[in-house]
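K.L.:
The structure's right below; bear with me while I get my questions together.
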Amino acid sequence: MIADVMAVVLLLAIAAYACAGGTDYGAGFWDLTAGGAERGRRPRRLIDHAMAPVWEVNNVWLIFVLVIMWTGFPVLFQRVFTAMWLPLALAAVGTVLRGAGFALRKPARRLAGRRLYGAVFAVSSLLTPFFLGAAAGGVASGRVTAATRASTDAWANPTSVLFGLLAVAATASLGAVFLAADARRFAEPQLDGYFRRRALGALAAVAVLAVITLFVTHGDAPHTWHGLTHGAGLVFVVVSALATAATVWLLTRPSGAWSRVAAVGVVASAVIAWGLAQRPYLVPTSLTVAEGAGADTSLRWLGIVTLVALVLVVPAVAFLYWLDTHGELESLTDADLRQSGAGAGDQG
């Protein structure tokens, strides 16, 4: 029983990181595709100001995921990090480089330095979610087994690649929705429209990739496919689809808080659907929750520590987000967006 509870907690922590961290990765994706120095100046300045107050706190959920995995489900941790060592190692390197690039590009005095750090930040924001998604695809397709040897190509399979592409598209949609709302909060209607159009494009990519993934998993990950098309997994697939439709509708008008809620619902529901689709397995069809769990004593203490951590962390994080969305942490001035010679950004 306690193992099942902690498995649910692990799934919710993954969903939280996919939404919170995914928003930051998505912002980096749009930084990468914003265009040249002049064309992309205003979008990139908005990205800097929107991310700066809260970007580091989103990694709290990644820490939750790792601690719960290695403490509560050591067999799962060992198998995942053995079989999927390459994508996870690349994701870890990407996370470090991304943080360094974001932190260093603004204070860099030379243009070449700013461009270098900006490129590192942007490219890492694209590669990191892809490789994290690829590792998740390896789990969903049942390739993380005791017999799987550590190799460089264990992740090179259709489900892993599609999960990686879905992760990139989903984070891009989250980032664009949140940036559009920030643009409206900062009284920049042109950037609001700029990011709403990109959010709609990213959501279209998510929908197409989701349909392709369902077809591919039918043959490549049959247990997960069955779970996604039946029972509780299907319920959350439908919820994710409805949230997608709601997000699209909300994006046809000036951005507000509800567009963010709907976009988070898309990603969170999709992650939960994946987790429920694998029941009763942590790795279909070779490792059940009971087989992958640690000792009951360890799980009980982990549950207590997790509960205490959530009581302390969740209110603090929620208050931080509230301060940020109400403009209490950092204001965006006209000088930041309207510098001499800066264009109006990409209007298309």
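Identifiers in this document derive from the order of the structure tokens: chains are assigned A, B, ..., residues are numbered from 1 separately in each chain, and ligands are numbered from 1 in order of occurrence.
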Write out as number ranges by chain the residues lying within 8 Å of Leu200 in chain A, counting only C-alpha atoms and excluding same-chain residues fewer than 2 positions away.
P.N.:
A: 173, 196-198, 202-204, 248, 251
K.L.:
From the options A:Gly21, A:Pro43, A:Pro284, A:Gly26, which residue's atoms come nearest to Gly175 in chain A, counting only C-alpha atoms?
P.N.:
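The answer is A:Gly26, which sits nearest to Gly175 in chain A.
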K.L.:
Can you pull out the residues contacting Leu209 in chain A? Cut-off 9 Å, using only C-alpha atoms, and skip same-chain residues under 3 positions away; I want them as a PDB file with N, CA, C and O atoms, in the first residue's frame.
P.N.:
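Saved as result.pdb:
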ATOM      1  N   LEU A 162       9.727   9.758 -30.157  1.00  0.00           N
ATOM      2  CA  LEU A 162       8.461  10.501 -30.148  1.00  0.00           C
ATOM      3  C   LEU A 162       8.194  11.144 -28.796  1.00  0.00           C
ATOM      4  O   LEU A 162       7.693  12.275 -28.730  1.00  0.00           O
ATOM      5  N   PHE A 163       8.520  10.460 -27.708  1.00  0.00           N
ATOM      6  CA  PHE A 163       8.384  11.073 -26.386  1.00  0.00           C
ATOM      7  C   PHE A 163       9.285  12.301 -26.274  1.00  0.00           C
ATOM      8  O   PHE A 163       8.901  13.308 -25.677  1.00  0.00           O
ATOM      9  N   LEU A 165      10.299  14.262 -28.793  1.00  0.00           N
ATOM     10  CA  LEU A 165       9.707  15.334 -29.595  1.00  0.00           C
ATOM     11  C   LEU A 165       8.468  15.917 -28.920  1.00  0.00           C
ATOM     12  O   LEU A 165       8.246  17.134 -28.953  1.00  0.00           O
ATOM     13  N   LEU A 166       7.669  15.052 -28.302  1.00  0.00           N
ATOM     14  CA  LEU A 166       6.495  15.534 -27.563  1.00  0.00           C
ATOM     15  C   LEU A 166       6.912  16.440 -26.410  1.00  0.00           C
ATOM     16  O   LEU A 166       6.263  17.459 -26.139  1.00  0.00           O
ATOM     17  N   ALA A 169       7.787  19.848 -27.877  1.00  0.00           N
ATOM     18  CA  ALA A 169       6.598  20.581 -28.313  1.00  0.00           C
ATOM     19  C   ALA A 169       5.757  21.032 -27.125  1.00  0.00           C
ATOM     20  O   ALA A 169       5.234  22.157 -27.109  1.00  0.00           O
ATOM     21  N   ALA A 204      -0.563  22.759 -31.927  1.00  0.00           N
ATOM     22  CA  ALA A 204      -0.857  21.950 -33.111  1.00  0.00           C
ATOM     23  C   ALA A 204       0.179  20.828 -33.257  1.00  0.00           C
ATOM     24  O   ALA A 204      -0.167  19.679 -33.578  1.00  0.00           O
ATOM     25  N   ALA A 205       1.454  21.169 -33.015  1.00  0.00           N
ATOM     26  CA  ALA A 205       2.504  20.148 -33.074  1.00  0.00           C
ATOM     27  C   ALA A 205       2.299  19.085 -32.001  1.00  0.00           C
ATOM     28  O   ALA A 205       2.492  17.887 -32.257  1.00  0.00           O
ATOM     29  N   VAL A 206       1.893  19.496 -30.797  1.00  0.00           N
ATOM     30  CA  VAL A 206       1.622  18.539 -29.726  1.00  0.00           C
ATOM     31  C   VAL A 206       0.510  17.585 -30.135  1.00  0.00           C
ATOM     32  O   VAL A 206       0.605  16.360 -29.947  1.00  0.00           O
ATOM     33  N   ILE A 212       0.380  10.544 -33.535  1.00  0.00           N
ATOM     34  CA  ILE A 212       1.409   9.651 -34.081  1.00  0.00           C
ATOM     35  C   ILE A 212       1.931   8.713 -33.000  1.00  0.00           C
ATOM     36  O   ILE A 212       2.132   7.512 -33.235  1.00  0.00           O
ATOM     37  N   THR A 213       2.140   9.244 -31.796  1.00  0.00           N
ATOM     38  CA  THR A 213       2.644   8.430 -30.688  1.00  0.00           C
ATOM     39  C   THR A 213       1.687   7.314 -30.338  1.00  0.00           C
ATOM     40  O   THR A 213       2.108   6.174 -30.056  1.00  0.00           O
ATOM     41  N   LEU A 214       0.385   7.600 -30.337  1.00  0.00           N
ATOM     42  CA  LEU A 214      -0.598   6.551 -30.049  1.00  0.00           C
ATOM     43  C   LEU A 214      -0.502   5.422 -31.069  1.00  0.00           C
ATOM     44  O   LEU A 214      -0.544   4.229 -30.719  1.00  0.00           O
TER      45      LEU A 214
END
K.L.:
Enumerate as a PyMOL selection string all residues of range 126-293 of chain A assigned to helix (DSSP H, G or I) by DSSP on the backbone, naming them with the chain letters and numbers the document uses.
P.N.:
chain A and resi 126-140+158-185+189-220+222-228+231-251+257-277+289-292
K.L.:
Mind dumping the selected residues with C-alpha atoms as a compact mmCIF listing (two decimals), in the first residue's frame?
P.N.:
# COMPACT_ATOMS: atom_id res chain seq x y z
CA LEU A 126 15.91 22.34 -26.70
CA LEU A 127 18.11 19.28 -26.09
CA THR A 128 17.42 18.79 -22.37
CA PRO A 129 13.66 18.15 -22.61
CA PHE A 130 14.21 15.99 -25.69
CA PHE A 131 16.58 13.65 -23.87
CA LEU A 132 14.46 13.57 -20.72
CA GLY A 133 11.48 12.64 -22.87
CA ALA A 134 13.54 10.00 -24.67
CA ALA A 135 14.44 8.39 -21.35
CA ALA A 136 10.75 8.38 -20.38
CA GLY A 137 9.95 6.74 -23.71
CA GLY A 138 12.43 3.99 -22.91
CA VAL A 139 10.53 3.31 -19.70
CA ALA A 140 7.11 3.47 -21.38
CA PRO A 158 10.42 5.00 -32.02
CA THR A 159 8.70 5.54 -28.66
CA SER A 160 11.71 7.26 -27.12
CA VAL A 161 12.16 9.58 -30.10
CA LEU A 162 8.46 10.50 -30.15
CA PHE A 163 8.38 11.07 -26.39
CA GLY A 164 11.38 13.35 -26.82
CA LEU A 165 9.71 15.33 -29.59
CA LEU A 166 6.49 15.53 -27.56
CA ALA A 167 8.46 16.90 -24.61
CA VAL A 168 9.97 19.64 -26.79
CA ALA A 169 6.60 20.58 -28.31
CA ALA A 170 4.82 20.53 -24.95
CA THR A 171 7.44 22.70 -23.27
CA ALA A 172 7.35 25.10 -26.22
CA SER A 173 3.58 25.47 -25.86
CA LEU A 174 3.86 26.07 -22.11
CA GLY A 175 6.60 28.62 -22.54
CA ALA A 176 4.71 30.54 -25.22
CA VAL A 177 1.46 30.62 -23.20
CA PHE A 178 3.22 31.91 -20.09
CA LEU A 179 5.24 34.46 -22.06
CA ALA A 180 2.10 35.76 -23.78
CA ALA A 181 0.49 36.33 -20.38
CA ASP A 182 3.67 38.06 -19.17
CA ALA A 183 3.66 40.31 -22.24
CA ARG A 184 0.10 41.39 -21.48
CA ARG A 185 1.01 41.97 -17.83
CA PRO A 189 0.19 43.70 -26.72
CA GLN A 190 2.42 43.11 -29.74
CA LEU A 191 4.46 40.51 -27.87
CA ASP A 192 1.24 39.05 -26.48
CA GLY A 193 0.07 38.34 -30.03
CA TYR A 194 3.59 37.22 -31.01
CA PHE A 195 3.67 34.49 -28.36
CA ARG A 196 0.00 33.52 -28.66
CA ARG A 197 0.56 32.67 -32.33
CA ARG A 198 3.54 30.56 -31.42
CA ALA A 199 1.63 28.84 -28.63
CA LEU A 200 -1.08 27.85 -31.12
CA GLY A 201 1.54 26.46 -33.48
CA ALA A 202 3.18 24.48 -30.68
CA LEU A 203 -0.17 23.08 -29.55
CA ALA A 204 -0.86 21.95 -33.11
CA ALA A 205 2.50 20.15 -33.07
CA VAL A 206 1.62 18.54 -29.73
CA ALA A 207 -1.70 17.28 -31.10
CA VAL A 208 -0.11 15.81 -34.24
CA LEU A 209 2.73 14.16 -32.31
CA ALA A 210 0.29 12.76 -29.73
CA VAL A 211 -1.75 11.04 -32.45
CA ILE A 212 1.41 9.65 -34.08
CA THR A 213 2.64 8.43 -30.69
CA LEU A 214 -0.60 6.55 -30.05
CA PHE A 215 -0.23 4.73 -33.38
CA VAL A 216 3.44 3.93 -32.77
CA THR A 217 2.96 2.69 -29.20
CA HIS A 218 0.32 0.23 -30.43
CA GLY A 219 3.14 -1.88 -31.83
CA ASP A 220 6.20 -0.63 -29.96
CA PRO A 222 1.50 -2.33 -26.39
CA HIS A 223 0.97 -2.30 -22.63
CA THR A 224 1.25 1.47 -22.45
CA TRP A 225 -0.97 1.85 -25.53
CA HIS A 226 -3.66 -0.31 -23.91
CA GLY A 227 -3.45 1.78 -20.74
CA LEU A 228 -3.77 5.02 -22.70
CA GLY A 231 -9.65 2.97 -18.01
CA ALA A 232 -8.09 5.76 -15.96
CA GLY A 233 -5.35 6.40 -18.53
CA LEU A 234 -7.98 7.12 -21.17
CA VAL A 235 -9.79 9.48 -18.78
CA PHE A 236 -6.69 11.65 -18.44
CA VAL A 237 -6.01 11.48 -22.18
CA VAL A 238 -9.49 12.92 -22.69
CA VAL A 239 -8.86 15.55 -20.00
CA SER A 240 -5.63 16.54 -21.76
CA ALA A 241 -7.47 16.80 -25.09
CA LEU A 242 -10.18 18.97 -23.54
CA ALA A 243 -7.54 21.16 -21.89
CA THR A 244 -5.86 21.54 -25.29
CA ALA A 245 -9.14 22.69 -26.84
CA ALA A 246 -9.69 25.12 -23.95
CA THR A 247 -6.16 26.50 -24.32
CA VAL A 248 -6.66 27.05 -28.05
CA TRP A 249 -9.92 28.89 -27.39
CA LEU A 250 -8.34 31.06 -24.71
CA LEU A 251 -5.42 31.88 -27.01
CA ALA A 257 -4.40 33.66 -16.12
CA TRP A 258 -6.83 31.01 -17.37
CA SER A 259 -4.76 30.31 -20.47
CA ARG A 260 -1.89 29.36 -18.16
CA VAL A 261 -4.13 27.08 -16.10
CA ALA A 262 -5.41 25.34 -19.22
CA ALA A 263 -1.89 24.90 -20.66
CA VAL A 264 -0.67 23.37 -17.40
CA GLY A 265 -3.68 21.06 -17.51
CA VAL A 266 -2.63 19.79 -20.94
CA VAL A 267 0.84 18.74 -19.81
CA ALA A 268 -0.05 17.55 -16.30
CA SER A 269 -2.92 15.39 -17.58
CA ALA A 270 -0.72 13.86 -20.28
CA VAL A 271 1.98 12.91 -17.74
CA ILE A 272 -0.57 11.42 -15.35
CA ALA A 273 -2.17 9.49 -18.23
CA TRP A 274 1.24 7.98 -19.05
CA GLY A 275 1.81 6.96 -15.42
CA LEU A 276 -1.64 5.42 -15.03
CA ALA A 277 -1.29 3.63 -18.37
CA VAL A 289 5.53 -1.18 -8.19
CA ALA A 290 5.99 -3.77 -5.44
CA GLU A 291 9.07 -5.30 -7.07
CA GLY A 292 10.73 -1.93 -7.64
K.L.:
Leaving out Phe121 in chain A and any residue of its chain fewer than 6 positions from it, which residues lie within 8 Å of it when counting only C-alpha atoms, given as number ranges by chain?
P.N.:
A: 28, 97-102
K.L.:
Given the choices A:Arg79, A:Arg42, A:Arg105, A:Arg279, which gets closest to Tyr117 in chain A if the distance is worked out from only C-alpha atoms?
P.N.:
A:Arg105
K.L.:
With distances taken over only C-alpha atoms, which of A:Val75, A:Ala119, A:Ala89, A:Leu11 is nearest to Ser286 in chain A?
P.N.:
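Of A:Val75, A:Ala119, A:Ala89, A:Leu11, the one nearest Ser286 in chain A, counting only C-alpha atoms, is A:Val75.
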K.L.:
Using only C-alpha atoms, determine which residues lie at most 12 Å from Thr288 in chain A, disregarding the query and same-chain residues fewer than 3 positions distant; provide the list as a list in words.
P.N.:
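Near neighbours after the sequence-gap exclusion: Ala3, Asp4, Ala7, Phe73, Val75, Leu76, Gly142, Thr145, Gln278, Arg279, Pro280, Tyr281, Leu282, Val283, Pro284, Thr285, Glu291, Gly292 and Ala293 of chain A.
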K.L.:
Calculate how many Å separate CA of Ile47 in chain A from CA of Leu66 in chain A, rounding to one decimal.
P.N.:
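For CA of Ile47 in chain A relative to CA of Leu66 in chain A, the distance reads 27.8 Å.
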K.L.:
Can you tell me, as a ChimeraX atom specification, what residues are no more than 10 Å from Trp301 in chain A when counting only C-alpha atoms, ignoring any on the same chain fewer than 5 positions away?
P.N.:
/A:71-72,296,306-307
K.L.:
Output C-alpha atoms for every residue in the selection just made, as a PDB file, in the first residue's frame.
P.N.:
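again_17.pdb, written as the output of this step:
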ATOM      1  CA  THR A  71      15.182   6.239  -1.974  1.00  0.00           C
ATOM      2  CA  GLY A  72      11.752   4.756  -2.603  1.00  0.00           C
ATOM      3  CA  ASP A 296       8.635  -0.653   3.904  1.00  0.00           C
ATOM      4  CA  THR A 306       8.074  14.094   1.692  1.00  0.00           C
ATOM      5  CA  LEU A 307       4.978  15.295   3.538  1.00  0.00           C
TER       6      LEU A 307
END
K.L.:
What does the distance between CA of Ser298 in chain A and CA of Tyr17 in chain A come to in Å, to one decimal place?
P.N.:
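Separation of CA of Ser298 in chain A and CA of Tyr17 in chain A: 23.7 Å.
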K.L.:
Rounded to one decimal in Å, what is the spacing between CA of Pro315 in chain A and CA of Met6 in chain A?
P.N.:
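About the pair CA of Pro315 in chain A and CA of Met6 in chain A: they are 20.9 Å apart.
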